[in-house]
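Student: Pasting a structure below so you can have a look.
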Amino acid sequence: MAVITIGAGSLGPLYARAADESTLRDRLTSSASDAALHFSFTRDIQTEADLDAAAALGPEPGSVKAYPRTLVSAVLPARASTPAQVAIGDVGPHTRMIWRADACAHLTLTRGRCPARAGEALASERTLQGDYGWRLGARLTLSNLPQTVTVTGFGDPAQQIAAVTVVGAYRLARVADPFWQGHSYFDAHPGPGESPDTVDALFVDRAELPPLFPARVQVQVDYPIEATEVRLSGTAALAADVSRLRQLRSDPGVGDHFSTDVLAVLAAAKAEQRLIDVSTLLVSLQLAVLAWLVLFQVIADAVEAKGSEIALAKLRGLGPAATIRFGLAEPMLLVALATPLGLLGGWLSVRLFAATELVPGTPVDLTRATAVAVAASLAGSLAAAAAASRKTLRRSVLEQWRRTPGHQPSRLMLALDLVLAAAAVFGLVLLRRAGRDGSPQPTTLLAPALLVFAVALLGIRLLPLALRPLLPMTRGSGRIGLFLAARQVVRRPAGLRLAALLAVAVGLAIFAIAGEGVASQNRELRARVEVGASALAPVQYEPLRDPVAATRKADPDGRWAMATASWLPDGGGSVTGRVLAVDAGRLAAVAYSGGATPAPAEAAKALLPADLPAPLQVRATRLRVRVEAVELSPGARPHVLLTLRAPNKPAINVRAGTLAPGEHQYTATVGCAGGCTLTDITWDRPISTFGKLTGVVRVSQLEFFSDGRWQPLDSGLATAGDWRPKASPLGNSEDSLSVTEGGLQDVYSSQTGGSAGITHADSPRPLPVLASPAGLVPEAASLPELRMTDLTGSAAPFQVVGSPAVLPSVLDAGVLVDVTGLRAQLPAFDSEASWSIWLGPAAPADAIDRLRAAGLVVEPGATKAGRLSELGRQGPALALRLLVVCAIAGSILAIGGTAIAIASTGRRRTFELASLRAVGISRRTLLGACVLEQFLLLGAALLLGVPAGYLAARWAMPSVPQFADQTPVALSYQPALTGVLLFALAFLLLLSVTAVLAGRALLLAAAPARLREAE
């Protein structure tokens, strides 16, 4: 018992320190890029020595302990053009020429080789797949390089021009590779409006830089953090060093920049550590107090068992001091010997827990707090030994030799118990209110102990009253076992005290198991909603590989994979959160639900209007349309304009001729040999026309030229709903459509600046979306139209068809939409979005390989299991897990204390049982009485502890912190009964074994010969 008491005392600070170290390392590892030091120095570089000097402007590597090394880049923004572009004066797309030490080791080469000398460059695979004319071996002219002054220092800035040959193509080896430190080197996207596109960086060898000198170069110096080098004891020094760096760089030179969020990361870790420290203290304190009380009772019973020896010592003339030494020497010595064993047990327990639950390599250190806790536990144990022995040591010799000590109920003790129970209930209410009024508080972990304490205290007090009716009922009856058991329970205060401790231990264990069940359920729920599916596979988007089509190819049945794209609209539009575009037809098979998210099947139904026609896909160089102009307003006549869209390209508008009265064929030359989608036919107003244009036209046929002949395009012109009026953002055109025998009829009119027409309805307009609360601008409800806008200026109007509190992945700040409809209306969406493949529970083990075989560049990404593990290492989860271990240990401790107490007090009981055997009562009857007596005491503890612990979990868990941060996911606080019932059943089995063994032990010692000891 003393070993456990000392171990419980050391457990708290040991565990808290290890959990704090784990939390710190976890935070630094997960926020490695934020915690790094990022320096940027823009300098006019004349020589390589100047470049080295610029790279050394930051602190010496290792001068700040957590940052032992640097990663250096030289960056020059440029425009890159092919010889054909140069010939027509086109300087090509924006890019950056970059040298970064050891970059090729962190890239995957798809073709060619790494640059090894001046004049060579490495381009991204998706850039070579684009329509920029770049290819392996192409010679690129780099212009618009950063200008610097001439060598003489006079005259206009020198315009730098360089040329490189593309010798290889690359992809990222890993999207989340910390080597890149969050730099946006791979941010290819279309240019806004008519501006040129931006392509991924060109990587060059360092030998490429000297020929460009003198040049204005941005030198980026990153100091990656080594999380394993940072310990709790060194965080103050680290924060001080970084603060000094901030002060030194508070007034940087022109073009200089320094950034780091390590102080914010340390602050977040510190806040979580405070939560861990308080929670751990409260949890370990409860175990320590319980162990102290059990130790008190065990020592009291042990000293009581030595009562006859103490009385004999007094008769032989031992003085008070010698008597005290005689009575306390043995328990005091055992407590002293238990101290190192308890400390070792606590350390080994935490070491085992750290190896299984915390970040690998987490140290378990003995600190000053541990020493103080062990000293306090030792002092408490010695005090418990002294207090437990006081009554026996002060008792008179005659009282000591009584076979059965008298029991006189004390009204003062009853009043004290009532006051303590009332105080416990009052404290419980205050703690729960504190957790409810603000954010959940760790001090609420004391609430269950108070409730269980109050129930046990009053329940055990009422037990003799509940059993008292059995006394007259069994008097004069043949039920001797029940007769003896009832009287023993009613008259034994020591047994009731042990039952009360056991009830407290059981109640705490039930609360801990139920509470951990609630927390585990909420961690599972949060991980499901935040990740969205069982696993994510990030995609490196390339124009020639459609993520949606490739995913459908890898999983044709739609059972386990779904293409998704996360996107933040340019300029926001009506959206303030992230847009999550999903292949909605697969949502039900792949995505998770729960935590206030809509059911995937319901979400898919809301996002996919029924009976949409298939997109009009064409692979041809010419298109023609048959149009009959039934009526045309006098004057200027509109042009027939076909609008097509190629993947990842802006819309293409091609004229097919000018409308003329009667029925005619209108032919247009289109660049769609690689595939396009026909989206609109517009009656385009001539730019010089300002009056109103009206007319009635009928469109009867669409054809494409392929394989040397004209072929009909199944365009649905005779099907109502396959085409709709062309959208008019300014309201300056109108179309009224109807299906007639002559084709699709459009009665149109347009005002100045507007053009009428028809749009193929293969994507809904406005798009149906589900929007969570913070996903839209505050004034969304009052806007005449909601829209998303991409970098090209294209807009996709949408309407909100549902407003769930939380959506998968984007949570409470996002929008869920079908990816097919969104892509059809926003040409730049594919390249602007971040693509990933969601894998459902039915995904095969080789899912990633199947996606790669379908042509996607994917890699394993976030998983629900990984997120669950991260949440399980947060402070509140660690505290609840410790509570489970401590509470179960406390229950076993209480049972052990009960067994020891029964054995210690058995001497007096054996005289009674021996007397009963001497008068002829059978051994079987006495065994039944002994076992029934233990069942009445121990069973009462179980009956009081189980409901009290479960009620405490129901009442307190909403006020107990579940996570170290806030979450919009709706949590559940209903404890599951399975774990509670399993523990109660196991505990009942253990109690039964204890009761039977205790009864048999008493009966074995109660031989009639025992009575001769009185002679």
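Labels for the structure tokens follow display order: chains A, B, ..., residues from 1 in each chain, ligands from 1.
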Can you list every residue in range 533-615 of chain A that DSSP puts in strand (DSSP E), as a list in words?

Tutor: Ala535, Leu536, Ala537, Pro538, Ala561, Met562, Ala563, Thr564, Ala565, Ser566, Trp567, Arg578, Val579, Leu580, Ala581 and Val582 of chain A

Student: Can you pull out every residue within 6 Å of range 75-90 of chain A, counting only C-alpha atoms, but drop anything in the same chain fewer than 5 positions away, and send it as number ranges by chain?

Tutor: A: 95-98, 140-145, 217-218

Student: Just all heavy atoms for this one: save the residues we selected as a short mmCIF file (atom, residue, chain, number, x, y, z; two decimals), in the first residue's frame.

Tutor:
data_model
loop_
_atom_site.label_atom_id
_atom_site.label_comp_id
_atom_site.auth_asym_id
_atom_site.auth_seq_id
_atom_site.Cartn_x
_atom_site.Cartn_y
_atom_site.Cartn_z
N THR A 95 7.76 33.39 -64.34
CA THR A 95 8.36 32.27 -63.63
C THR A 95 9.41 32.82 -62.68
O THR A 95 9.54 34.04 -62.52
CB THR A 95 8.96 31.23 -64.60
OG1 THR A 95 9.37 30.08 -63.88
CG2 THR A 95 10.14 31.82 -65.36
N ARG A 96 10.16 31.93 -62.07
CA ARG A 96 11.30 32.33 -61.25
C ARG A 96 12.46 31.39 -61.53
O ARG A 96 12.25 30.17 -61.65
CB ARG A 96 10.94 32.27 -59.76
CG ARG A 96 10.26 33.51 -59.25
CD ARG A 96 9.67 33.30 -57.88
NE ARG A 96 8.57 32.34 -57.93
CZ ARG A 96 7.84 32.01 -56.88
NH1 ARG A 96 8.10 32.55 -55.70
NH2 ARG A 96 6.84 31.16 -56.99
N MET A 97 13.62 31.95 -61.67
CA MET A 97 14.82 31.15 -61.83
C MET A 97 15.41 30.98 -60.43
O MET A 97 15.71 31.98 -59.75
CB MET A 97 15.81 31.83 -62.76
CG MET A 97 17.05 30.99 -63.04
SD MET A 97 18.06 31.64 -64.38
CE MET A 97 18.57 33.20 -63.68
N ILE A 98 15.61 29.74 -60.01
CA ILE A 98 15.98 29.46 -58.62
C ILE A 98 17.16 28.51 -58.57
O ILE A 98 17.20 27.48 -59.25
CB ILE A 98 14.78 28.86 -57.85
CG1 ILE A 98 13.65 29.87 -57.73
CG2 ILE A 98 15.21 28.38 -56.46
CD1 ILE A 98 12.41 29.33 -57.07
N LEU A 140 15.14 28.66 -73.88
CA LEU A 140 14.27 29.69 -73.31
C LEU A 140 15.05 30.97 -73.10
O LEU A 140 16.17 30.95 -72.58
CB LEU A 140 13.68 29.23 -71.98
CG LEU A 140 12.85 27.94 -71.99
CD1 LEU A 140 12.38 27.62 -70.58
CD2 LEU A 140 11.65 28.08 -72.92
N THR A 141 14.45 32.08 -73.50
CA THR A 141 15.02 33.39 -73.23
C THR A 141 14.37 33.95 -71.97
O THR A 141 13.13 34.03 -71.88
CB THR A 141 14.77 34.34 -74.41
OG1 THR A 141 15.42 33.82 -75.57
CG2 THR A 141 15.32 35.73 -74.10
N LEU A 142 15.20 34.30 -70.98
CA LEU A 142 14.71 34.84 -69.72
C LEU A 142 14.88 36.35 -69.73
O LEU A 142 16.00 36.86 -69.82
CB LEU A 142 15.47 34.23 -68.54
CG LEU A 142 15.42 32.69 -68.44
CD1 LEU A 142 16.23 32.22 -67.24
CD2 LEU A 142 13.99 32.21 -68.33
N SER A 143 13.77 37.04 -69.65
CA SER A 143 13.80 38.50 -69.64
C SER A 143 13.09 39.01 -68.40
O SER A 143 12.59 38.23 -67.58
CB SER A 143 13.11 39.04 -70.91
OG SER A 143 11.77 38.56 -70.97
N ASN A 144 13.05 40.33 -68.28
CA ASN A 144 12.43 40.97 -67.10
C ASN A 144 13.08 40.51 -65.81
O ASN A 144 12.43 40.46 -64.75
CB ASN A 144 10.92 40.70 -67.04
CG ASN A 144 10.16 41.50 -68.08
OD1 ASN A 144 10.70 41.89 -69.11
ND2 ASN A 144 8.89 41.75 -67.81
N LEU A 145 14.35 40.14 -65.88
CA LEU A 145 15.07 39.81 -64.65
C LEU A 145 15.22 41.06 -63.80
O LEU A 145 15.19 42.19 -64.32
CB LEU A 145 16.44 39.23 -65.00
CG LEU A 145 16.43 37.84 -65.64
CD1 LEU A 145 17.76 37.56 -66.31
CD2 LEU A 145 16.12 36.78 -64.60
N VAL A 217 19.46 40.12 -56.64
CA VAL A 217 19.08 38.74 -56.29
C VAL A 217 18.40 38.73 -54.93
O VAL A 217 18.85 39.41 -53.99
CB VAL A 217 20.31 37.81 -56.27
CG1 VAL A 217 19.92 36.38 -55.92
CG2 VAL A 217 21.03 37.85 -57.62
N GLN A 218 17.33 37.97 -54.84
CA GLN A 218 16.70 37.73 -53.55
C GLN A 218 17.31 36.45 -52.97
O GLN A 218 17.15 35.37 -53.54
CB GLN A 218 15.18 37.57 -53.68
CG GLN A 218 14.48 37.38 -52.34
CD GLN A 218 13.00 37.09 -52.49
OE1 GLN A 218 12.59 36.37 -53.39
NE2 GLN A 218 12.20 37.64 -51.61
#

Student: As a PyMOL selection string, please: all residues of range 780-1011 of chain A that backbone DSSP puts in alpha helix (DSSP H).

Tutor: chain A and resi 819-825+829-832+847-853+864-872+875-904+906-918+923-956+977-1005

Student: Could you check the closest approach to Gly814 in chain A for each of A:Gly585, A:Pro634, A:Gly577, A:Pro797 and tell me which residue wins, using only C-alpha atoms?

Tutor: A:Gly577

Student: Work out how far CA of Phe39 in chain A is from CA of Asp200 in chain A, in Å to one decimal.

Tutor: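 So the answer is 21.9 Å.
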
Student: Which is closest to Glu542 in chain A among A:Val199, A:Leu943, A:Met332, A:Ala503, if we use only C-alpha atoms?

Tutor: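 Between A:Val199, A:Leu943, A:Met332, A:Ala503, the residue approaching Glu542 in chain A most closely is A:Val199.
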
Student: Neighbouring residues of Gly866 in chain A were defined as those with any atom within 12 Å, considering only C-alpha atoms; residues of the same chain fewer than 3 positions away were excluded. Please report them as a PyMOL selection string.

Tutor: chain A and resi 523-524+527-528+530-531+533-536+860-863+869-873

Student: For CA of Gly58 in chain A and CA of Phe258 in chain A, quote the distance in Å rounded to one decimal.

Tutor: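 Pair CA of Gly58 in chain A / CA of Phe258 in chain A returns 9.3 Å.
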
Student: Find the residue from A:Leu713, A:Ala941, A:Met788, A:Cys930 that sits nearest to Pro569 in chain A; use only C-alpha atoms when measuring.

Tutor: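 Of the candidates, the smallest distance to Pro569 in chain A is held by A:Met788.
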
Student: List as a PyMOL selection string the protein and nucleic acid residues near Ala756 in chain A, meaning an atom at most 6 Å away when only C-alpha atoms are counted, but skip any in the same chain fewer than 4 places from it.

Tutor: chain A and resi 682-683+733+750

Student: Kindly save the residues from that selection, with all heavy atoms included, as a compact mmCIF listing (two decimals), in the first residue's frame.

Tutor:
# COMPACT_ATOMS: atom_id res chain seq x y z
N THR A 682 -24.25 32.21 -79.00
CA THR A 682 -24.62 33.58 -78.67
C THR A 682 -24.98 34.35 -79.94
O THR A 682 -24.33 34.19 -80.98
CB THR A 682 -23.45 34.29 -77.97
OG1 THR A 682 -23.07 33.52 -76.83
CG2 THR A 682 -23.83 35.70 -77.53
N TRP A 683 -26.03 35.17 -79.84
CA TRP A 683 -26.39 36.12 -80.90
C TRP A 683 -25.68 37.42 -80.54
O TRP A 683 -26.21 38.28 -79.87
CB TRP A 683 -27.90 36.29 -81.00
CG TRP A 683 -28.66 34.99 -80.75
CD1 TRP A 683 -29.64 34.78 -79.86
CD2 TRP A 683 -28.48 33.75 -81.44
NE1 TRP A 683 -30.09 33.49 -79.90
CE2 TRP A 683 -29.40 32.82 -80.87
CE3 TRP A 683 -27.65 33.32 -82.48
CZ2 TRP A 683 -29.49 31.50 -81.31
CZ3 TRP A 683 -27.74 32.00 -82.90
CH2 TRP A 683 -28.65 31.11 -82.33
N SER A 733 -30.23 41.56 -71.54
CA SER A 733 -30.67 40.67 -72.60
C SER A 733 -31.69 39.69 -72.05
O SER A 733 -31.69 39.40 -70.84
CB SER A 733 -29.49 39.90 -73.21
OG SER A 733 -28.94 39.00 -72.28
N SER A 750 -32.04 42.19 -76.90
CA SER A 750 -30.86 42.65 -76.16
C SER A 750 -30.74 44.15 -76.26
O SER A 750 -31.11 44.76 -77.28
CB SER A 750 -29.59 41.98 -76.71
OG SER A 750 -29.36 42.35 -78.06

Student: When distances are computed from only C-alpha atoms, which of A:Cys114, A:Leu990, A:Ala956, A:Leu344 shows the smallest separation from Ala8 in chain A?

Tutor: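 That would be A:Leu344, the residue with the smallest distance to Ala8 in chain A.
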
Student: Could you name the residues that touch Lys270 in chain A at 10 Å or less, counting only C-alpha atoms, but leaving out those on the same chain fewer than 2 positions away, as a list in words?

Tutor: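 Returned residues: Asp20, Thr23, Leu24, Leu232, Thr235, Ala264, Val265, Leu266, Ala267, Ala268, Glu272, Gln273, Arg274, Leu275 and Ile276 of chain A.
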
Student: With distances taken over only C-alpha atoms, which residue among A:Gly840, A:Gly821, A:Pro146, A:Gly716 lies nearest Ser593 in chain A?

Tutor: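 The answer is A:Gly840, which sits nearest to Ser593 in chain A.
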
Student: Of the candidates A:Val857, A:Val931, A:Ala499, A:Leu807, which one gets nearest to Ala1001 in chain A if we count only C-alpha atoms?

Tutor: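 Among A:Val857, A:Val931, A:Ala499, A:Leu807, it is A:Val931 that comes nearest to Ala1001 in chain A.
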
Student: Excluding range 630-633 of chain A and any residue of its chain fewer than 6 positions from it, enumerate the residues within 8 Å of it, using only C-alpha atoms, and give them as number ranges by chain.

Tutor: A: 661-662, 693-698

Student: Please measure the separation of CA of Gln962 in chain A and CA of Ala35 in chain A, giving the value in Å to one decimal.

Tutor: 25.8 Å

Student: Residues near Arg100 in chain A, anyone? I mean within 8 Å using only C-alpha atoms, not counting same-chain ones fewer than 2 positions away, as an MDAnalysis selection string.

Tutor: chainID A and resid 71:74 98 102:103 203
